[in-house]
Amino acid sequence: MSPGGGCATPKPNEPSPARNRRRFIDRCFLTELFLRQSGKHTARFALPLALDYDSCLQPASTTFLACDGCGQSASPEHIARRLQRLEWTTRYRPVHIGTLLLGGVSPGADGDFLYAGKFEGQAGQLLAALGISTAGKPPDVVLGEFQRGGFFVTHVLECPLEASPSGQPSCDSLLLRRVPPVLARIRRSLKPKRVVLISELLAPLLSRFSSAELGCPVLLDSGKPFNLNPSDLSLGAQHLREALTAGTTGV
Ligand SMILES: [Zn+2]
């Protein structure tokens with residue numbers, strides 16, 4: 001402020017306040033004039049631009065890393081379910097695995113997953129085939145009996161098959177990709193005395209799961225995986241028990 005209370009005297013070469021106001025008004029006028037004159041153009045190109053912008057707001061496909069147990073997309077829900085099943089399984093893993101029962105794909109329903117302790121579907125069929133009764137026994141007693149028998153069950157795909165949107169690999173493709181890590185897991189970590197293939201899904205992969213690859217005998221039913229489907233359960237179970245007793249049939 002100047003001593004007289006008025007505005008400060010403009011410095012040399014600095015526009016006066018009045019000149020600044022005029023320039024500001026001129027700019028506003030020119031901007032409004034431009035917008036009015038280009039109104040049609042604005043309307044014409046604004047709509048497509050808005051649509052283009054909107055298209056960018058569509059949900060981007062989230063890419064997760066592959067699950068180490070199945071090779072499928074490892075969403076948080078997928079990993080949570082895998083961890084839950086690992087927890088159930090680890091409790092009943094024998095220190096020394098006598099018979100590794102190898103399936104194709106982990107069942108979708110937890111009730112069918114043996115270590116969940118409900119013994120429905122596949123889990124009940126497997127126990128029946130091995131002659132382990134569940135009648136009147138708490139789950140931990142049944143699973144303890146299974147464990148003491150030296151049995152351990154796992155799958156080439158350790159997680160259920162996800163509903164597959166287009167572009168996801170097929171079940172056959174996922175199984176094929178999992179062969180090398182599963183072979184390594186069996187040889188280096190599980191180290192069973194023998195492996196029994198219990199899923200028809202593994203039929204195309206028989207040559208990969210040979211005794212030579214696994215370092216132990218592989219039990220088969222007349223050159224094929226044991227069929228423990230409900231329709232042939234009694235026959236498949238009989239063949240399985242015979243093979244386990246003989247313990248020599250394999251590839
Ligand atoms: Zn998985």
# chains A, B, ... in the order shown; residues from 1 in each chain; ligands from 1
>>> residues_near_ligand(ligand="ligand 1", cutoff="6 Å", atoms="only C-alpha atoms and all ligand atoms", output="mmCIF file with C-alpha atoms, in the first residue's frame")
data_model
loop_
_atom_site.group_PDB
_atom_site.id
_atom_site.type_symbol
_atom_site.label_atom_id
_atom_site.label_comp_id
_atom_site.auth_asym_id
_atom_site.auth_seq_id
_atom_site.Cartn_x
_atom_site.Cartn_y
_atom_site.Cartn_z
ATOM 1 C CA CYS A 67 -1.389 -70.676 -8.903
ATOM 2 C CA GLY A 69 -0.828 -75.833 -7.332
ATOM 3 C CA CYS A 70 -2.780 -75.896 -10.569
ATOM 4 C CA GLN A 72 -4.848 -71.411 -13.063
ATOM 5 C CA CYS A 159 -7.288 -77.027 -7.077
#
>>> select_by_dssp(residues="stretch 72-180 of chain A", states="alpha helix (DSSP H)", output="number ranges by chain")
A: 76-90, 121-130, 139-148, 171-180
>>> residues_around(residues="A:Arg178", least_positions_apart="6", cutoff="8 Å", atoms="only C-alpha atoms", output="PyMOL selection string")
chain A and resi 70-71+156-157
>>> write_last_selection(atoms="C-alpha atoms", output="tab-separated table (two decimals), in the first residue's frame")
chain	number	residue	atom	x	y	z
A	70	CYS	CA	-2.78	-75.90	-10.57
A	71	GLY	CA	-1.54	-73.26	-13.01
A	156	VAL	CA	-2.24	-83.30	-10.63
A	157	LEU	CA	-4.34	-80.12	-10.44
>>> residues_around(residues="A:Leu176", least_positions_apart="3", cutoff="10 Å", atoms="only C-alpha atoms", output="list in words")
Val156, Leu157, Ser170, Cys171, Asp172, Ser173, Val179, Pro180, Leu202, Pro204, Leu205 and Arg208 of chain A
>>> residues_around(residues="A:Ser211", least_positions_apart="4", cutoff="10 Å", atoms="only C-alpha atoms", output="list in words")
Arg194, Val195, Ser207, Gly215, Cys216, Pro217, Val218, Leu219, Gly250 and Val251 of chain A
>>> write_last_selection(atoms="N, CA and C atoms", output="PDB file, in the first residue's frame")
ATOM      1  N   ARG A 194       4.951 -96.294  -3.640  1.00  0.00           N
ATOM      2  CA  ARG A 194       4.290 -96.618  -4.904  1.00  0.00           C
ATOM      3  C   ARG A 194       3.226 -95.572  -5.196  1.00  0.00           C
ATOM      4  N   VAL A 195       2.903 -95.475  -6.480  1.00  0.00           N
ATOM      5  CA  VAL A 195       1.896 -94.501  -6.911  1.00  0.00           C
ATOM      6  C   VAL A 195       0.755 -95.266  -7.572  1.00  0.00           C
ATOM      7  N   SER A 207       2.249 -92.373 -20.118  1.00  0.00           N
ATOM      8  CA  SER A 207       3.673 -92.529 -20.420  1.00  0.00           C
ATOM      9  C   SER A 207       4.527 -91.575 -19.593  1.00  0.00           C
ATOM     10  N   GLY A 215      10.370 -92.959 -10.079  1.00  0.00           N
ATOM     11  CA  GLY A 215      11.347 -93.589  -9.184  1.00  0.00           C
ATOM     12  C   GLY A 215      10.725 -94.591  -8.230  1.00  0.00           C
ATOM     13  N   CYS A 216       9.517 -95.081  -8.542  1.00  0.00           N
ATOM     14  CA  CYS A 216       8.847 -96.093  -7.711  1.00  0.00           C
ATOM     15  C   CYS A 216       7.818 -96.808  -8.586  1.00  0.00           C
ATOM     16  N   PRO A 217       7.307 -97.952  -8.135  1.00  0.00           N
ATOM     17  CA  PRO A 217       6.290 -98.651  -8.942  1.00  0.00           C
ATOM     18  C   PRO A 217       5.027 -97.809  -9.118  1.00  0.00           C
ATOM     19  N   VAL A 218       4.412 -97.945 -10.289  1.00  0.00           N
ATOM     20  CA  VAL A 218       3.142 -97.269 -10.574  1.00  0.00           C
ATOM     21  C   VAL A 218       2.093 -98.351 -10.822  1.00  0.00           C
ATOM     22  N   LEU A 219       1.057 -98.358 -10.001  1.00  0.00           N
ATOM     23  CA  LEU A 219       0.037 -99.397 -10.123  1.00  0.00           C
ATOM     24  C   LEU A 219      -1.069 -98.949 -11.076  1.00  0.00           C
ATOM     25  N   GLY A 250       2.292-102.535 -12.920  1.00  0.00           N
ATOM     26  CA  GLY A 250       2.639-101.143 -13.168  1.00  0.00           C
ATOM     27  C   GLY A 250       3.199-100.906 -14.536  1.00  0.00           C
ATOM     28  N   VAL A 251       3.692 -99.697 -14.747  1.00  0.00           N
ATOM     29  CA  VAL A 251       4.296 -99.352 -16.027  1.00  0.00           C
ATOM     30  C   VAL A 251       5.780 -99.048 -15.798  1.00  0.00           C
TER      31      VAL A 251
END
>>> residues_around(residues="stretch 223-229 of chain A", least_positions_apart="2", cutoff="12 Å", atoms="only C-alpha atoms", output="ChimeraX atom specification")
/A:101-104,121-130,195-207,209-210,218-221,231-244,249-251
>>> residues_around(residues="stretch 77-90 of chain A", least_positions_apart="2", cutoff="12 Å", atoms="only C-alpha atoms", output="ChimeraX atom specification")
/A:64-75,92-95,106-118,139-140,143-144,146-147,151-155,157-163,190
>>> write_last_selection(atoms="C-alpha atoms", output="compact mmCIF listing (two decimals), in the first residue's frame")
# COMPACT_ATOMS: atom_id res chain seq x y z
CA PHE A 64 -3.20 -62.68 -11.50
CA LEU A 65 -0.13 -64.83 -11.29
CA ALA A 66 -0.59 -68.52 -11.94
CA CYS A 67 -1.39 -70.68 -8.90
CA ASP A 68 1.51 -72.94 -8.03
CA GLY A 69 -0.83 -75.83 -7.33
CA CYS A 70 -2.78 -75.90 -10.57
CA GLY A 71 -1.54 -73.26 -13.01
CA GLN A 72 -4.85 -71.41 -13.06
CA SER A 73 -5.25 -67.73 -12.34
CA ALA A 74 -4.47 -67.20 -8.66
CA SER A 75 -7.21 -64.79 -7.55
CA TYR A 92 -3.03 -86.15 7.77
CA ARG A 93 0.00 -86.51 5.57
CA PRO A 94 1.96 -89.59 6.62
CA VAL A 95 5.59 -88.98 7.49
CA SER A 106 -9.19 -81.81 -7.12
CA PRO A 107 -12.98 -82.05 -6.66
CA GLY A 108 -15.03 -78.88 -6.88
CA ALA A 109 -17.09 -79.52 -3.74
CA ASP A 110 -15.32 -79.48 -0.39
CA GLY A 111 -17.49 -82.43 0.64
CA ASP A 112 -15.80 -84.52 -2.07
CA PHE A 113 -12.34 -83.47 -0.91
CA LEU A 114 -11.17 -86.28 1.38
CA TYR A 115 -9.31 -84.20 3.94
CA ALA A 116 -12.32 -81.92 4.50
CA GLY A 117 -13.69 -84.85 6.49
CA LYS A 118 -17.18 -85.06 5.00
CA PRO A 139 -13.87 -87.67 10.62
CA ASP A 140 -10.52 -87.51 12.44
CA LEU A 143 -8.61 -89.83 8.38
CA GLY A 144 -6.26 -91.15 11.06
CA PHE A 146 -6.26 -93.57 6.25
CA GLN A 147 -3.02 -91.92 7.37
CA PHE A 151 -2.16 -93.51 2.18
CA PHE A 152 -1.95 -90.00 0.83
CA VAL A 153 -4.17 -88.60 -1.88
CA THR A 154 -3.34 -85.68 -4.13
CA HIS A 155 -4.18 -84.47 -7.63
CA LEU A 157 -4.34 -80.12 -10.44
CA GLU A 158 -4.39 -79.47 -6.72
CA CYS A 159 -7.29 -77.03 -7.08
CA PRO A 160 -10.75 -77.47 -8.61
CA LEU A 161 -11.18 -76.47 -12.21
CA GLU A 162 -12.37 -72.87 -12.30
CA ALA A 163 -15.30 -71.86 -14.48
CA LEU A 190 6.35 -86.96 -1.35
>>> atom_distance(atom1="atom CA of A:Pro181", atom2="atom CA of A:Thr245")
29.3 Å
>>> select_by_dssp(residues="stretch 60-242 of chain A", states="strand (DSSP E)", output="list of chain:residue names")
A:Thr99, A:Leu100, A:Leu101, A:Leu102, A:Gly103, A:Gly104, A:Val105, A:Phe151, A:Phe152, A:Val153, A:Thr154, A:His155, A:Val156, A:Leu157, A:Arg194, A:Val195, A:Val196, A:Leu197, A:Val218, A:Leu219
